[in-house]
Amino acid sequence: MNRYTETLFSQEHISNHILKNRYIVGPMTRVSSEKDGTPNERVHKYYERFARGGFAVVITEGIYPDTSYSQGYENQAGLATMKHVEAWKPIVRSVKEHGARIIAQLMHAGAQSQGNYHTEETVAPSPFSPPSKKVEVYGGEGEFPVATELSKEGIREVKAGFIQAAKHAASAEFDGIELHGANGYLLDQFLSEVSNQRNDEYGGSVENRVRFLVELIEEVREAVGTNMMVGIRISQMKATNGEYKWPGGENDAKIIFSKLGETSVDYIHISDDDASTPGFGAETITMAQAAKRFAEKPVITCGELGDPDKASALIEKGHCDFIAIARQALANPDTPHRVEQNLPLDAFDAKAIMTPKAYVKDFELEMEIIEGR
C-alpha cells in the first residue's frame, strides 16, 4: 500500500462532485492565449497534460470575465465572449476525458491590470495605484496608473461581467467556478483597507469590505445553480506587496471566513507563501486552519506543498481537505502518478515562470516512462 493512500489518494467530495484524490493544480498566470484572450492549442496541451498526469482537479489560470476593465495581462485568457467559450470547449472535454474535473478561475484585475486588449483605463474600489512596479515577466513595465473609483453602477457592471462569464463557463461545461479574491486583484482590493477607502456599505469595517465578495458569490450561485462548484480564493499577500498581512490578524480572519462560510460557496482556496506556517504571527494558526475553523467549508490550500510528506501531514492533521500545487506541477505535470508509484520528482526550473509561453515539457515521453510503454 502506498503510504499516502489514506491522505493524498483518498476520495473526497466538494458539493456533489467526487474527486478521485486530493491533488489539485493551482491557478498560474500563463499569458499564452491569443491577443484577444482566445485560448489556443498551446493552452489546450498545457491543461490536458495535468489531467493525464493524474490530478483530480485542474483550476485554470485567472480568466478575465468581461471586455471592459477586467483583463490584467496581455495574452491572458478570457471567458467574456462566445468566441472564448467555443475555444474552451475542447480543452474542457480533454481534461474530463482523462478523469479530472476542471474549474474556471474568474479574475478581475482592477487596479492591478497591466495589459488590457480592450482599454487602457483601470478601476478599483477607491483611487489606488499598486505599490510596486508592473511585473516584467508578464510583459509589464513601469508604474501602475492610479485606478478610477468604481461607482455603484460600476460595481453592478463588474458583477454582471462575472455572472455572464460564469454562465459562459457553464456553456463550456466547466465543472465549477472559482472567484479570484486573492493576490491583490479586484475582489481582494475590496477586502483590503489599503485599496478600499470607500465611505459606503462596501468600505470601512471588515464586515463591509467583505460584502462585495459575499454578494458576488450569491449572485454567481443564482446564475449557475447547484450543479456547478463555486469556490473563492483568498490570500493576505498581494502580487504587488508580498509582505502584506491583515491588520486585525486572526480576528480579521474570523470575520472574513465566517462571512464567507455563511454563503453558498462550496469551498475556500487559500493562497500562501508556505501553507504550513503560522498565518498571523508566531505561534498562530495557519490561514488554512483559520478558513477551516471559521468557514466550516472544504478547504484547498496552496503554498510550498510539493513535498508529499508535508502535504499529506496537513490533510492528516485536518488543516485542509485538498492540496493545490503550482510550480511543482509545472516541473512535474504527472505529480500524482509519480507520488503514487514512489517515483522521484524533478526540481522546479525557473524558466517555467520566466518564459510562460515557451515552457513545454516533453510530456509524451514522460507518460511513456510512467506508463511503462
# chains A, B, ... in the order shown; residues from 1 in each chain; ligands from 1
>>> select_by_dssp(residues="segment 236-278 of chain A", states="alpha helix (DSSP H)", output="list in words")
Gly249, Glu250, Asn251, Asp252, Ala253, Lys254, Ile255, Ile256, Phe257, Ser258, Lys259, Leu260 and Gly261 of chain A
>>> residues_around(residues="Ile270 of chain A", least_positions_apart="6", cutoff="7 Å", atoms="only C-alpha atoms", output="PyMOL selection string")
chain A and resi 233-235+287-288+300-302
>>> atom_distance(atom1="atom CA of Ser129 of chain A", atom2="atom CA of Gln112 of chain A")
7.8 Å
>>> residues_around(residues="Asp266 of chain A", least_positions_apart="6", cutoff="10 Å", atoms="only C-alpha atoms", output="JSON, numbers by chain")
{"A": [14, 15, 16, 176, 177, 178, 217, 221, 226, 228, 229, 230, 231, 232, 260, 297, 298, 299]}
>>> atom_distance(atom1="atom CA of Gly78 of chain A", atom2="atom CA of Glu193 of chain A")
28.7 Å
>>> atom_distance(atom1="atom CA of Asn183 of chain A", atom2="atom CA of Ser312 of chain A")
25.2 Å
>>> select_by_dssp(residues="segment 46-274 of chain A", states="strand (DSSP E)", output="PyMOL selection string")
chain A and resi 57-63+101-106+123-124+148-149+176-183+229-238+267-271
>>> residues_around(residues="Ser94 of chain A", least_positions_apart="5", cutoff="12 Å", atoms="only C-alpha atoms", output="PDB file with C-alpha atoms, in the first residue's frame")
ATOM      1  CA  GLU A  41      -3.629  24.778 -28.882  1.00  0.00           C
ATOM      2  CA  VAL A  43      -3.205  26.334 -23.799  1.00  0.00           C
ATOM      3  CA  HIS A  44      -5.055  23.119 -24.670  1.00  0.00           C
ATOM      4  CA  LYS A  45      -1.928  20.977 -24.283  1.00  0.00           C
ATOM      5  CA  TYR A  46      -0.954  22.779 -21.104  1.00  0.00           C
ATOM      6  CA  TYR A  47      -4.166  21.811 -19.284  1.00  0.00           C
ATOM      7  CA  GLU A  48      -4.532  18.364 -20.797  1.00  0.00           C
ATOM      8  CA  ARG A  49      -1.128  17.227 -19.536  1.00  0.00           C
ATOM      9  CA  PHE A  50      -2.154  17.802 -15.893  1.00  0.00           C
ATOM     10  CA  ALA A  51      -5.290  15.709 -16.339  1.00  0.00           C
ATOM     11  CA  ARG A  52      -3.239  12.945 -17.940  1.00  0.00           C
ATOM     12  CA  VAL A  58      -7.332  21.438 -12.712  1.00  0.00           C
ATOM     13  CA  TRP A  88     -12.557  26.496 -24.157  1.00  0.00           C
ATOM     14  CA  LYS A  89     -14.938  23.655 -25.020  1.00  0.00           C
ATOM     15  CA  GLY A  99     -10.762  11.689 -15.427  1.00  0.00           C
ATOM     16  CA  ALA A 100     -10.158  15.138 -13.958  1.00  0.00           C
ATOM     17  CA  ARG A 101     -12.501  17.989 -13.090  1.00  0.00           C
ATOM     18  CA  ILE A 102     -11.823  21.467 -14.397  1.00  0.00           C
ATOM     19  CA  GLU A 173     -19.160  22.602 -19.463  1.00  0.00           C
ATOM     20  CA  PHE A 174     -16.650  23.536 -16.794  1.00  0.00           C
TER      21      PHE A 174
END
>>> residues_around(residues="Asp309 of chain A", least_positions_apart="5", cutoff="12 Å", atoms="only C-alpha atoms", output="ChimeraX atom specification")
/A:3-4,7-8,276,304,314-316,323,339,342
>>> closest_residue(among="A:Asp175, A:Glu296, A:Glu153, A:Glu250", to="His17 of chain A", atoms="only C-alpha atoms")
A:Asp175
>>> closest_atom_pairs(of="segment 90-190 of chain A", to="segment 24-33 of chain A", cutoff="9 Å", atoms="only C-alpha atoms", output="CSV")
residue,atom,partner,partner_atom,distance
A:Gln105,CA,A:Pro27,CA,7.4
A:Tyr138,CA,A:Val31,CA,7.0
A:Gly139,CA,A:Val31,CA,9.0
>>> write_last_selection(atoms="C-alpha atoms", output="mmCIF file, in the first residue's frame")
data_model
loop_
_atom_site.group_PDB
_atom_site.id
_atom_site.type_symbol
_atom_site.label_atom_id
_atom_site.label_comp_id
_atom_site.auth_asym_id
_atom_site.auth_seq_id
_atom_site.Cartn_x
_atom_site.Cartn_y
_atom_site.Cartn_z
ATOM 1 C CA GLN A 105 -10.998 30.801 -12.147
ATOM 2 C CA TYR A 138 4.305 39.086 -17.715
ATOM 3 C CA GLY A 139 5.011 41.931 -20.104
#
>>> closest_residue(among="A:Lys259, A:His269, A:Lys83, A:Lys20", to="Ala324 of chain A", atoms="only C-alpha atoms")
A:His269
>>> closest_residue(among="A:Asp272, A:Glu121, A:Glu219, A:Asp252", to="Val206 of chain A", atoms="only C-alpha atoms")
A:Asp252
>>> residues_around(residues="Gly140 of chain A", least_positions_apart="5", cutoff="9 Å", atoms="only C-alpha atoms", output="number ranges by chain")
A: 73-74, 114-115, 133-135
>>> write_last_selection(atoms="N, CA and C atoms", output="compact mmCIF listing (two decimals), in the first residue's frame")
# COMPACT_ATOMS: atom_id res chain seq x y z
N TYR A 73 -3.50 41.11 -18.03
CA TYR A 73 -2.24 40.88 -18.72
C TYR A 73 -2.49 40.68 -20.21
N GLU A 74 -1.58 41.12 -21.02
CA GLU A 74 -1.66 40.82 -22.45
C GLU A 74 -1.56 39.31 -22.64
N GLN A 114 -2.16 45.42 -15.99
CA GLN A 114 -1.00 46.00 -16.68
C GLN A 114 -1.04 45.74 -18.19
N GLY A 115 -2.14 45.15 -18.67
CA GLY A 115 -2.27 44.91 -20.10
C GLY A 115 -3.67 44.49 -20.44
N LYS A 133 6.19 48.14 -9.04
CA LYS A 133 6.10 48.29 -10.49
C LYS A 133 5.41 47.09 -11.14
N LYS A 134 5.01 47.27 -12.38
CA LYS A 134 4.37 46.19 -13.13
C LYS A 134 5.33 45.00 -13.23
N VAL A 135 4.75 43.82 -13.44
CA VAL A 135 5.52 42.58 -13.45
C VAL A 135 6.13 42.37 -14.83
>>> closest_residue(among="A:Asp321, A:Asp307, A:Glu12, A:Asp36", to="Arg338 of chain A", atoms="only C-alpha atoms")
A:Asp307
